[in-house]
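Trainee: Hey, dropping my_file38.pdb in here, PDB, C-alpha atoms:
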```pdb
ATOM      1  CA  VAL A   1     -32.317   6.329   4.508
ATOM      2  CA  TRP A   2     -31.345   9.806   5.756
ATOM      3  CA  ASN A   3     -34.767  10.422   7.359
ATOM      4  CA  VAL A   4     -36.196   7.013   8.241
ATOM      5  CA  ASN A   5     -36.080   5.808  11.846
ATOM      6  CA  ILE A   6     -33.481   3.064  12.235
ATOM      7  CA  ASP A   7     -32.918   1.434  15.618
ATOM      8  CA  ASN A   8     -29.503   0.799  17.145
ATOM      9  CA  ILE A   9     -27.616   3.222  14.895
ATOM     10  CA  SER A  10     -26.253   6.672  15.717
ATOM     11  CA  PRO A  11     -27.422   9.712  13.706
ATOM     12  CA  GLU A  12     -23.883  10.157  12.314
ATOM     13  CA  ALA A  13     -23.692   6.519  11.202
ATOM     14  CA  GLN A  14     -27.111   6.796   9.538
ATOM     15  CA  LYS A  15     -26.000   9.903   7.635
ATOM     16  CA  ALA A  16     -22.796   8.140   6.597
ATOM     17  CA  LEU A  17     -24.866   5.175   5.383
ATOM     18  CA  ALA A  18     -27.142   7.468   3.343
ATOM     19  CA  LEU A  19     -24.175   9.319   1.842
ATOM     20  CA  GLY A  20     -22.453   6.044   0.991
ATOM     21  CA  LEU A  21     -25.548   4.616  -0.681
ATOM     22  CA  MET A  22     -26.004   7.817  -2.686
ATOM     23  CA  THR A  23     -22.408   7.521  -3.888
ATOM     24  CA  VAL A  24     -22.826   3.890  -4.975
ATOM     25  CA  VAL A  25     -26.057   4.732  -6.815
ATOM     26  CA  PHE A  26     -24.391   7.694  -8.566
ATOM     27  CA  TRP A  27     -21.483   5.451  -9.628
ATOM     28  CA  ALA A  28     -23.790   2.679 -10.835
ATOM     29  CA  ALA A  29     -26.065   5.067 -12.749
ATOM     30  CA  LYS A  30     -23.078   6.984 -14.197
ATOM     31  CA  VAL A  31     -24.568  10.303 -13.104
ATOM     32  CA  THR A  32     -21.155  11.891 -13.682
ATOM     33  CA  ASN A  33     -17.506  10.902 -13.828
ATOM     34  CA  VAL A  34     -16.472   8.639 -10.927
ATOM     35  CA  GLY A  35     -13.949  11.225  -9.735
ATOM     36  CA  PHE A  36     -16.575  13.947  -9.255
ATOM     37  CA  THR A  37     -18.878  11.540  -7.416
ATOM     38  CA  ALA A  38     -15.954  10.493  -5.223
ATOM     39  CA  LEU A  39     -15.205  14.160  -4.437
ATOM     40  CA  LEU A  40     -18.849  14.778  -3.551
ATOM     41  CA  TYR A  41     -18.738  11.861  -1.113
ATOM     42  CA  LEU A  42     -15.412  12.841   0.456
ATOM     43  CA  ILE A  43     -16.358  16.480   0.872
ATOM     44  CA  GLY A  44     -19.774  15.428   2.222
ATOM     45  CA  LEU A  45     -18.079  13.436   4.985
ATOM     46  CA  VAL A  46     -16.068  16.494   6.022
ATOM     47  CA  VAL A  47     -18.769  19.168   5.673
ATOM     48  CA  LEU A  48     -21.350  17.063   7.526
ATOM     49  CA  LYS A  49     -18.722  16.416  10.230
ATOM     50  CA  LEU A  50     -19.012  12.656   9.843
ATOM     51  CA  ALA A  51     -15.226  12.310   9.814
ATOM     52  CA  PRO A  52     -12.276  14.706  10.088
ATOM     53  CA  ALA A  53     -10.515  15.750   6.878
ATOM     54  CA  SER A  54      -7.279  14.226   8.174
ATOM     55  CA  GLU A  55      -8.927  10.796   8.089
ATOM     56  CA  VAL A  56     -10.989  11.305   4.935
ATOM     57  CA  PHE A  57      -7.979  12.364   2.869
ATOM     58  CA  PHE A  58      -5.339  10.360   4.756
ATOM     59  CA  ILE A  59      -4.360   8.416   1.626
ATOM     60  CA  TRP A  60      -2.816  11.586   0.124
ATOM     61  CA  THR A  61      -0.313  11.733   2.975
ATOM     62  CA  SER A  62       0.604   8.042   2.664
ATOM     63  CA  PRO A  63       3.050   6.519   0.149
ATOM     64  CA  THR A  64       0.331   4.266  -1.309
ATOM     65  CA  ILE A  65      -1.156   6.886  -3.614
ATOM     66  CA  TYR A  66       2.282   7.925  -4.852
ATOM     67  CA  LEU A  67       3.133   4.340  -5.719
ATOM     68  CA  VAL A  68       0.021   4.248  -7.925
ATOM     69  CA  MET A  69       1.028   7.550  -9.567
ATOM     70  CA  GLY A  70       4.559   6.318 -10.110
ATOM     71  CA  ALA A  71       3.299   3.060 -11.620
ATOM     72  CA  TYR A  72       1.374   4.924 -14.325
ATOM     73  CA  LEU A  73       4.390   7.138 -15.056
ATOM     74  CA  ILE A  74       6.761   4.154 -15.342
ATOM     75  CA  ALA A  75       4.234   2.434 -17.624
ATOM     76  CA  ASP A  76       4.175   5.570 -19.809
ATOM     77  CA  ALA A  77       7.981   5.623 -19.936
ATOM     78  CA  VAL A  78       8.246   1.967 -21.005
ATOM     79  CA  ASP A  79       5.517   2.481 -23.612
ATOM     80  CA  LYS A  80       6.856   5.780 -24.963
ATOM     81  CA  SER A  81      10.440   4.543 -25.195
ATOM     82  CA  GLY A  82       9.394   1.447 -27.160
ATOM     83  CA  LEU A  83      11.143  -0.897 -24.717
ATOM     84  CA  GLY A  84       8.019  -2.927 -23.905
ATOM     85  CA  GLU A  85       7.093  -3.327 -27.569
ATOM     86  CA  ARG A  86      10.625  -4.493 -28.429
ATOM     87  CA  ILE A  87      10.563  -7.143 -25.672
ATOM     88  CA  ALA A  88       7.144  -8.378 -26.839
ATOM     89  CA  TYR A  89       8.244  -8.735 -30.499
ATOM     90  CA  LEU A  90      11.448 -10.566 -29.489
ATOM     91  CA  PHE A  91       9.407 -13.002 -27.384
ATOM     92  CA  ILE A  92       6.925 -13.688 -30.195
ATOM     93  CA  LEU A  93       9.686 -14.294 -32.752
ATOM     94  CA  LYS A  94      11.329 -16.792 -30.421
ATOM     95  CA  PHE A  95       8.428 -18.692 -28.880
ATOM     96  CA  VAL A  96       5.105 -18.158 -30.725
ATOM     97  CA  ASN A  97       4.266 -20.538 -33.592
ATOM     98  CA  SER A  98       0.623 -21.669 -33.223
ATOM     99  CA  PHE A  99      -2.767 -20.492 -32.026
ATOM    100  CA  ASN A 100      -2.312 -22.136 -28.622
ATOM    101  CA  SER A 101       1.115 -20.531 -28.195
ATOM    102  CA  ILE A 102      -0.464 -17.132 -28.970
ATOM    103  CA  ILE A 103      -2.955 -17.599 -26.126
ATOM    104  CA  ILE A 104      -0.233 -18.798 -23.743
ATOM    105  CA  SER A 105       1.977 -15.851 -24.733
ATOM    106  CA  CYS A 106      -0.798 -13.441 -23.640
ATOM    107  CA  PHE A 107      -0.146 -14.679 -20.109
ATOM    108  CA  ILE A 108       3.649 -15.029 -20.231
ATOM    109  CA  LEU A 109       4.174 -11.608 -21.802
ATOM    110  CA  GLN A 110       2.139  -9.903 -19.094
ATOM    111  CA  VAL A 111       4.167 -11.628 -16.382
ATOM    112  CA  ILE A 112       7.436 -10.620 -18.089
ATOM    113  CA  LEU A 113       6.261  -7.020 -18.528
ATOM    114  CA  SER A 114       4.729  -6.830 -15.055
ATOM    115  CA  PRO A 115       7.862  -5.489 -13.295
ATOM    116  CA  LEU A 116       8.473  -3.064 -16.185
ATOM    117  CA  ILE A 117       4.888  -1.791 -16.416
ATOM    118  CA  PRO A 118       3.412  -1.871 -12.881
ATOM    119  CA  SER A 119      -0.192  -1.363 -13.977
ATOM    120  CA  PRO A 120      -2.378  -3.985 -15.710
ATOM    121  CA  TRP A 121      -4.267  -1.755 -18.155
ATOM    122  CA  PRO A 122      -1.298  -0.098 -19.906
ATOM    123  CA  ARG A 123       0.361  -3.528 -19.902
ATOM    124  CA  ALA A 124      -2.663  -5.215 -21.477
ATOM    125  CA  PHE A 125      -3.035  -2.548 -24.162
ATOM    126  CA  LEU A 126       0.647  -2.840 -25.060
ATOM    127  CA  VAL A 127       0.305  -6.623 -25.427
ATOM    128  CA  LEU A 128      -2.891  -6.090 -27.426
ATOM    129  CA  SER A 129      -1.105  -3.746 -29.846
ATOM    130  CA  VAL A 130       1.528  -6.432 -30.442
ATOM    131  CA  MET A 131      -1.133  -9.125 -30.817
ATOM    132  CA  LYS A 132      -2.819  -7.025 -33.505
ATOM    133  CA  VAL A 133       0.361  -7.365 -35.565
ATOM    134  CA  VAL A 134       0.341 -11.128 -34.935
ATOM    135  CA  ILE A 135      -3.321 -11.314 -35.987
ATOM    136  CA  GLU A 136      -2.625  -9.411 -39.206
ATOM    137  CA  SER A 137       0.481 -11.461 -40.009
ATOM    138  CA  ALA A 138      -1.492 -14.694 -39.583
ATOM    139  CA  ASN A 139      -4.522 -13.431 -41.552
ATOM    140  CA  MET A 140      -6.766 -14.664 -38.770
ATOM    141  CA  GLU A 141     -10.493 -14.885 -39.177
ATOM    142  CA  LYS A 142     -12.525 -12.338 -37.231
ATOM    143  CA  GLU A 143     -13.727 -14.876 -34.649
ATOM    144  CA  ASP A 144     -10.194 -16.133 -33.955
ATOM    145  CA  ALA A 145      -8.889 -12.578 -33.643
ATOM    146  CA  ALA A 146     -11.622 -11.863 -31.077
ATOM    147  CA  ILE A 147     -10.471 -14.856 -28.991
ATOM    148  CA  VAL A 148      -6.912 -13.486 -28.923
ATOM    149  CA  GLY A 149      -8.130 -10.029 -27.919
ATOM    150  CA  PHE A 150     -10.308 -11.481 -25.173
ATOM    151  CA  SER A 151      -7.406 -13.617 -23.934
ATOM    152  CA  VAL A 152      -5.193 -10.546 -23.476
ATOM    153  CA  PHE A 153      -7.631  -9.016 -20.998
ATOM    154  CA  ALA A 154      -8.583 -12.348 -19.406
ATOM    155  CA  ALA A 155      -4.872 -12.824 -18.684
ATOM    156  CA  ALA A 156      -4.525  -9.352 -17.149
ATOM    157  CA  ALA A 157      -6.307 -10.277 -13.897
ATOM    158  CA  PRO A 158      -4.468 -13.407 -12.662
ATOM    159  CA  THR A 159      -1.032 -12.289 -13.930
ATOM    160  CA  ALA A 160      -1.384  -8.992 -12.052
ATOM    161  CA  MET A 161      -1.168 -10.956  -8.784
ATOM    162  CA  PHE A 162       2.410 -12.207  -9.285
ATOM    163  CA  PHE A 163       4.100  -9.035  -8.040
ATOM    164  CA  LEU A 164       3.088  -6.474  -5.444
ATOM    165  CA  THR A 165       3.553  -3.823  -8.120
ATOM    166  CA  GLY A 166       1.687  -5.935 -10.709
ATOM    167  CA  ASP A 167      -1.472  -3.966  -9.982
ATOM    168  CA  THR A 168      -0.627  -1.062  -7.718
ATOM    169  CA  SER A 169      -4.210   0.162  -7.502
ATOM    170  CA  ILE A 170      -5.434  -3.125  -5.962
ATOM    171  CA  ASN A 171      -2.509  -5.104  -4.522
ATOM    172  CA  ILE A 172      -1.121  -2.230  -2.459
ATOM    173  CA  VAL A 173      -4.565  -1.240  -1.186
ATOM    174  CA  ALA A 174      -5.252  -4.891  -0.282
ATOM    175  CA  VAL A 175      -2.069  -4.964   1.814
ATOM    176  CA  ASP A 176      -3.034  -1.669   3.491
ATOM    177  CA  PHE A 177      -6.485  -2.992   4.389
ATOM    178  CA  SER A 178      -4.980  -6.198   5.771
ATOM    179  CA  GLY A 179      -3.057  -4.238   8.370
ATOM    180  CA  GLN A 180       0.000  -6.399   7.670
ATOM    181  CA  SER A 181       3.450  -5.355   6.531
ATOM    182  CA  VAL A 182       4.334  -7.215   3.341
ATOM    183  CA  GLY A 183       7.358  -6.384   1.204
ATOM    184  CA  TRP A 184       7.863  -6.952  -2.511
ATOM    185  CA  LEU A 185       9.481 -10.375  -2.057
ATOM    186  CA  GLY A 186       7.068 -11.189   0.777
ATOM    187  CA  TRP A 187       4.166 -10.705  -1.627
ATOM    188  CA  ILE A 188       5.701 -13.220  -4.055
ATOM    189  CA  TYR A 189       6.134 -15.669  -1.166
ATOM    190  CA  TYR A 190       2.429 -15.461  -0.261
ATOM    191  CA  MET A 191       0.858 -14.809  -3.672
ATOM    192  CA  GLY A 192       3.245 -16.433  -6.167
ATOM    193  CA  VAL A 193       1.651 -19.892  -6.050
ATOM    194  CA  PRO A 194      -1.998 -18.645  -6.095
ATOM    195  CA  ALA A 195      -1.139 -16.308  -8.999
ATOM    196  CA  LEU A 196       0.539 -19.121 -10.919
ATOM    197  CA  ALA A 197      -2.385 -21.477 -10.285
ATOM    198  CA  ALA A 198      -4.958 -18.853 -11.300
ATOM    199  CA  SER A 199      -3.003 -18.006 -14.465
ATOM    200  CA  ILE A 200      -2.564 -21.643 -15.520
ATOM    201  CA  LEU A 201      -6.217 -22.529 -14.842
ATOM    202  CA  THR A 202      -7.456 -19.436 -16.704
ATOM    203  CA  CYS A 203      -5.198 -20.254 -19.658
ATOM    204  CA  ILE A 204      -6.374 -23.885 -19.760
ATOM    205  CA  LEU A 205      -9.991 -22.742 -19.608
ATOM    206  CA  LEU A 206      -9.464 -20.372 -22.548
ATOM    207  CA  LEU A 207      -7.797 -23.112 -24.612
ATOM    208  CA  LYS A 208     -10.633 -25.565 -23.833
ATOM    209  CA  LEU A 209     -13.509 -23.152 -24.421
ATOM    210  CA  PHE A 210     -12.266 -21.373 -27.543
ATOM    211  CA  LYS A 211     -10.995 -23.305 -30.539
ATOM    212  CA  PRO A 212      -9.733 -21.601 -33.731
ATOM    213  CA  LYS A 213     -11.969 -21.915 -36.768
ATOM    214  CA  SER A 214      -8.988 -22.711 -38.975
ATOM    215  CA  ARG A 215      -5.300 -23.521 -38.677
ATOM    216  CA  VAL A 216      -3.271 -20.456 -37.729
ATOM    217  CA  SER A 217       0.124 -19.864 -39.344
ATOM    218  CA  ILE A 218       2.119 -16.837 -38.205
ATOM    219  CA  ASN A 219       4.132 -14.915 -40.775
ATOM    220  CA  LYS A 220       7.182 -14.062 -38.700
ATOM    221  CA  VAL A 221       8.631 -11.966 -41.523
ATOM    222  CA  VAL A 222       6.038  -9.300 -40.705
ATOM    223  CA  ILE A 223       6.903  -9.483 -36.987
ATOM    224  CA  LYS A 224      10.614  -9.205 -37.849
ATOM    225  CA  GLU A 225       9.884  -6.133 -40.002
ATOM    226  CA  LYS A 226       8.068  -4.499 -37.081
ATOM    227  CA  LEU A 227      11.048  -5.213 -34.840
ATOM    228  CA  ASP A 228      13.489  -3.910 -37.448
ATOM    229  CA  ASN A 229      11.425  -0.716 -37.780
ATOM    230  CA  LEU A 230      12.188  -0.010 -34.133
ATOM    231  CA  GLY A 231      15.867   0.153 -35.094
ATOM    232  CA  LYS A 232      18.720  -0.415 -32.697
ATOM    233  CA  LEU A 233      18.211  -0.046 -28.965
ATOM    234  CA  THR A 234      17.882   3.714 -28.470
ATOM    235  CA  SER A 235      19.491   5.742 -25.706
ATOM    236  CA  MET A 236      16.000   6.449 -24.373
ATOM    237  CA  GLU A 237      15.270   2.730 -24.130
ATOM    238  CA  LYS A 238      18.604   2.145 -22.392
ATOM    239  CA  ARG A 239      17.900   4.889 -19.838
ATOM    240  CA  THR A 240      14.388   3.546 -19.286
ATOM    241  CA  ALA A 241      15.691  -0.001 -18.822
ATOM    242  CA  ALA A 242      18.348   1.210 -16.388
ATOM    243  CA  TRP A 243      15.911   3.158 -14.201
ATOM    244  CA  VAL A 244      13.299   0.383 -14.228
ATOM    245  CA  ALA A 245      16.049  -2.066 -13.217
ATOM    246  CA  ILE A 246      16.978   0.264 -10.339
ATOM    247  CA  ALA A 247      13.302   0.424  -9.320
ATOM    248  CA  ILE A 248      12.978  -3.383  -9.345
ATOM    249  CA  ILE A 249      16.171  -3.777  -7.278
ATOM    250  CA  LEU A 250      14.929  -1.229  -4.730
ATOM    251  CA  TRP A 251      11.490  -2.896  -4.639
ATOM    252  CA  MET A 252      13.088  -6.290  -4.023
ATOM    253  CA  THR A 253      15.309  -4.972  -1.235
ATOM    254  CA  ASP A 254      12.690  -2.899   0.598
ATOM    255  CA  SER A 255      13.062  -5.095   3.680
ATOM    256  CA  ILE A 256      16.762  -4.167   3.766
ATOM    257  CA  HIS A 257      16.738  -0.406   3.118
ATOM    258  CA  GLY A 258      13.374   0.162   4.857
ATOM    259  CA  ILE A 259      12.129   2.772   2.361
ATOM    260  CA  ASP A 260       8.473   2.376   1.398
ATOM    261  CA  LEU A 261       7.750   1.256  -2.173
ATOM    262  CA  GLY A 262       5.805   4.460  -2.810
ATOM    263  CA  TRP A 263       8.759   6.732  -2.093
ATOM    264  CA  VAL A 264      11.099   4.454  -4.081
ATOM    265  CA  THR A 265       8.800   4.613  -7.107
ATOM    266  CA  ILE A 266       8.352   8.378  -6.952
ATOM    267  CA  PHE A 267      12.130   8.821  -6.627
ATOM    268  CA  VAL A 268      12.727   6.696  -9.747
ATOM    269  CA  VAL A 269      10.138   8.522 -11.891
ATOM    270  CA  THR A 270      11.577  11.860 -10.746
ATOM    271  CA  MET A 271      15.056  10.747 -11.820
ATOM    272  CA  MET A 272      13.576   9.657 -15.166
ATOM    273  CA  SER A 273      12.547  13.264 -15.757
ATOM    274  CA  MET A 274      15.946  14.798 -14.984
ATOM    275  CA  PRO A 275      18.239  16.123 -17.745
ATOM    276  CA  VAL A 276      21.208  14.102 -19.066
ATOM    277  CA  PHE A 277      20.665  10.831 -17.147
ATOM    278  CA  GLY A 278      16.859  10.896 -17.364
ATOM    279  CA  GLU A 279      14.970  12.682 -20.152
ATOM    280  CA  VAL A 280      12.401   9.901 -20.400
ATOM    281  CA  LEU A 281       9.456  11.634 -18.704
ATOM    282  CA  ASN A 282       8.340  15.242 -19.155
ATOM    283  CA  GLY A 283       5.455  17.524 -18.207
ATOM    284  CA  ASP A 284       3.083  15.825 -20.637
ATOM    285  CA  SER A 285       3.689  12.497 -18.871
ATOM    286  CA  TRP A 286       1.457  13.625 -16.003
ATOM    287  CA  LYS A 287      -1.539  13.332 -18.351
ATOM    288  CA  VAL A 288      -1.426   9.533 -17.959
ATOM    289  CA  VAL A 289      -2.022   9.737 -14.191
ATOM    290  CA  PRO A 290      -5.786   9.154 -13.673
ATOM    291  CA  ILE A 291      -6.669  11.598 -10.894
ATOM    292  CA  ASP A 292     -10.328  10.533 -11.053
ATOM    293  CA  THR A 293      -9.306   6.900 -10.399
ATOM    294  CA  LEU A 294      -7.165   7.973  -7.439
ATOM    295  CA  LEU A 295     -10.103   9.894  -5.954
ATOM    296  CA  PHE A 296     -12.295   6.831  -6.559
ATOM    297  CA  LEU A 297      -9.773   4.706  -4.620
ATOM    298  CA  ASN A 298      -9.740   7.325  -1.867
ATOM    299  CA  ALA A 299     -13.544   7.218  -1.639
TER     300      ALA A 299
END
```
Take the structure in this file and express it as structure tokens.

Mentor:
Amino acid sequence: VWNVNIDNISPEAQKALALGLMTVVFWAAKVTNVGFTALLYLIGLVVLKLAPASEVFFIWTSPTIYLVMGAYLIADAVDKSGLGERIAYLFILKFVNSFNSIIISCFILQVILSPLIPSPWPRAFLVLSVMKVVIESANMEKEDAAIVGFSVFAAAAPTAMFFLTGDTSINIVAVDFSGQSVGWLGWIYYMGVPALAASILTCILLLKLFKPKSRVSINKVVIKEKLDNLGKLTSMEKRTAAWVAIAIILWMTDSIHGIDLGWVTIFVVTMMSMPVFGEVLNGDSWKVVPIDTLLFLNA
């Protein structure tokens, strides 16, 4: 592609096409980690003078990338504090009694946790860890347990569309590419109904396609023991809940205060690291931020 004669295309565009195809092939063939391939592509654009560095790396000067970073850090805080796990156990004790209700809860729990954990993968793995306890308490057969596990991740996609921060690595980028200005509540206005429809249809499809091999009875004593093991609401959970609540309020009122969601999120995670009123995040928390994924998004 680099050397062949192609009509009606500039030399720079042809080089960009070749570099882009090389990058896709490297990603598909797993030549190396996606982040390194992304870096090779980005640097290639600059070194070959196909685009200025200010355009190639523009995302690092925009709030979008910092919203994604903040989302992972908030997810880590909710997970590390135990707040998300506590909410999930309370929900299961109250509402889950049968196999069908387990499948439905995979969807509802992810919607409930979506504002608290603004990233679908950490959210899904948290729900999965709770569902493992449910599976063990019900002594499910292997095939039935696999259906529950599959349902957790099948639910992650449609439920991530409910909120703008439901999947920061896709929803925010989608808004950026659209060229439109959509706030947190504006996203719900446009995407709430499609997200609800997609979630309900996906749930119905799962219930129709996958039937349990035997009747499922949940031993809620085991779930209650897991909840009791968490103890009373800790000060760390209270601080986490308070800061996440502040983040949600600021996200919802972005059209009023005019501060971009990215800067709001970074402010909140910074406050969560401060002494006395924070002390939820620390230096090790940065390990959860996937730099390679961010470079992949950039590319």

Trainee: Which one is closest to Ile218 (chain A): A:Val134, A:Ala155, A:Val47, A:Val4? Count only C-alpha atoms.

Mentor: A:Val134

Trainee: Which is closer to Pro290 (chain A) than all the others in A:Thr64, A:Ser169, A:Glu12, A:Asp144, using all atoms listed in the file?

Mentor: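 Nearest to Pro290 (chain A): A:Ser169.
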
Trainee: Can you find the residues with an atom no farther than 12 Å from (-21.5, 5.4, -5.7), counting all atoms listed in the file, and report them as a ChimeraX atom specification?

Mentor: /A:17-42,296-297,299

Trainee: Print the selection's residues with C-alpha atoms to a file, as a tab-separated table (two decimals), in the frame of the given file.

Mentor:
```
chain	number	residue	atom	x	y	z
A	17	LEU	CA	-24.87	5.18	5.38
A	18	ALA	CA	-27.14	7.47	3.34
A	19	LEU	CA	-24.18	9.32	1.84
A	20	GLY	CA	-22.45	6.04	0.99
A	21	LEU	CA	-25.55	4.62	-0.68
A	22	MET	CA	-26.00	7.82	-2.69
A	23	THR	CA	-22.41	7.52	-3.89
A	24	VAL	CA	-22.83	3.89	-4.97
A	25	VAL	CA	-26.06	4.73	-6.82
A	26	PHE	CA	-24.39	7.69	-8.57
A	27	TRP	CA	-21.48	5.45	-9.63
A	28	ALA	CA	-23.79	2.68	-10.84
A	29	ALA	CA	-26.06	5.07	-12.75
A	30	LYS	CA	-23.08	6.98	-14.20
A	31	VAL	CA	-24.57	10.30	-13.10
A	32	THR	CA	-21.16	11.89	-13.68
A	33	ASN	CA	-17.51	10.90	-13.83
A	34	VAL	CA	-16.47	8.64	-10.93
A	35	GLY	CA	-13.95	11.22	-9.74
A	36	PHE	CA	-16.58	13.95	-9.26
A	37	THR	CA	-18.88	11.54	-7.42
A	38	ALA	CA	-15.95	10.49	-5.22
A	39	LEU	CA	-15.20	14.16	-4.44
A	40	LEU	CA	-18.85	14.78	-3.55
A	41	TYR	CA	-18.74	11.86	-1.11
A	42	LEU	CA	-15.41	12.84	0.46
A	296	PHE	CA	-12.30	6.83	-6.56
A	297	LEU	CA	-9.77	4.71	-4.62
A	299	ALA	CA	-13.54	7.22	-1.64
```

Trainee: Residues at most 10 Å from Trp184 (chain A), counting only C-alpha atoms, excluding those fewer than 6 positions away in the same chain, as a list in words?

Mentor: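 Surrounding residues, per the criterion: Phe163, Leu164, Thr165, Ile248, Leu250, Trp251, Met252, Thr253, Asp254, Ser255 and Leu261 of chain A.
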
Trainee: Smallest atom-to-atom distance to Thr234 (chain A): which of A:Val280, A:Ile43, A:Leu295, A:Ile104, using all atoms listed in the file?

Mentor: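 Using all atoms listed in the file, the shortest distance to Thr234 (chain A) belongs to A:Val280.
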
Trainee: Which residues, protein or nucleic acid, reach to within 9 Å of (14.7, 1.3, -9.7) in the file's coordinates when using only C-alpha atoms, and can you give that as a PyMOL selection string?

Mentor: chain A and resi 242-251+264-265+267-269

Trainee: One decimal, in Å: what's the spacing between CA of Val78 (chain A) and CA of Met274 (chain A)?

Mentor: 16.1 Å

Trainee: Can you pull out the residues contacting Ser62 (chain A)? Cut-off 10 Å, using all atoms listed in the file, and skip same-chain residues under 3 positions away; I want them as a list in words.

Mentor: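 So, after excluding close chain neighbours, the residues are Phe57, Phe58, Ile59, Ile65, Tyr66, Leu67, Asp260, Gly262 and Trp263 of chain A.
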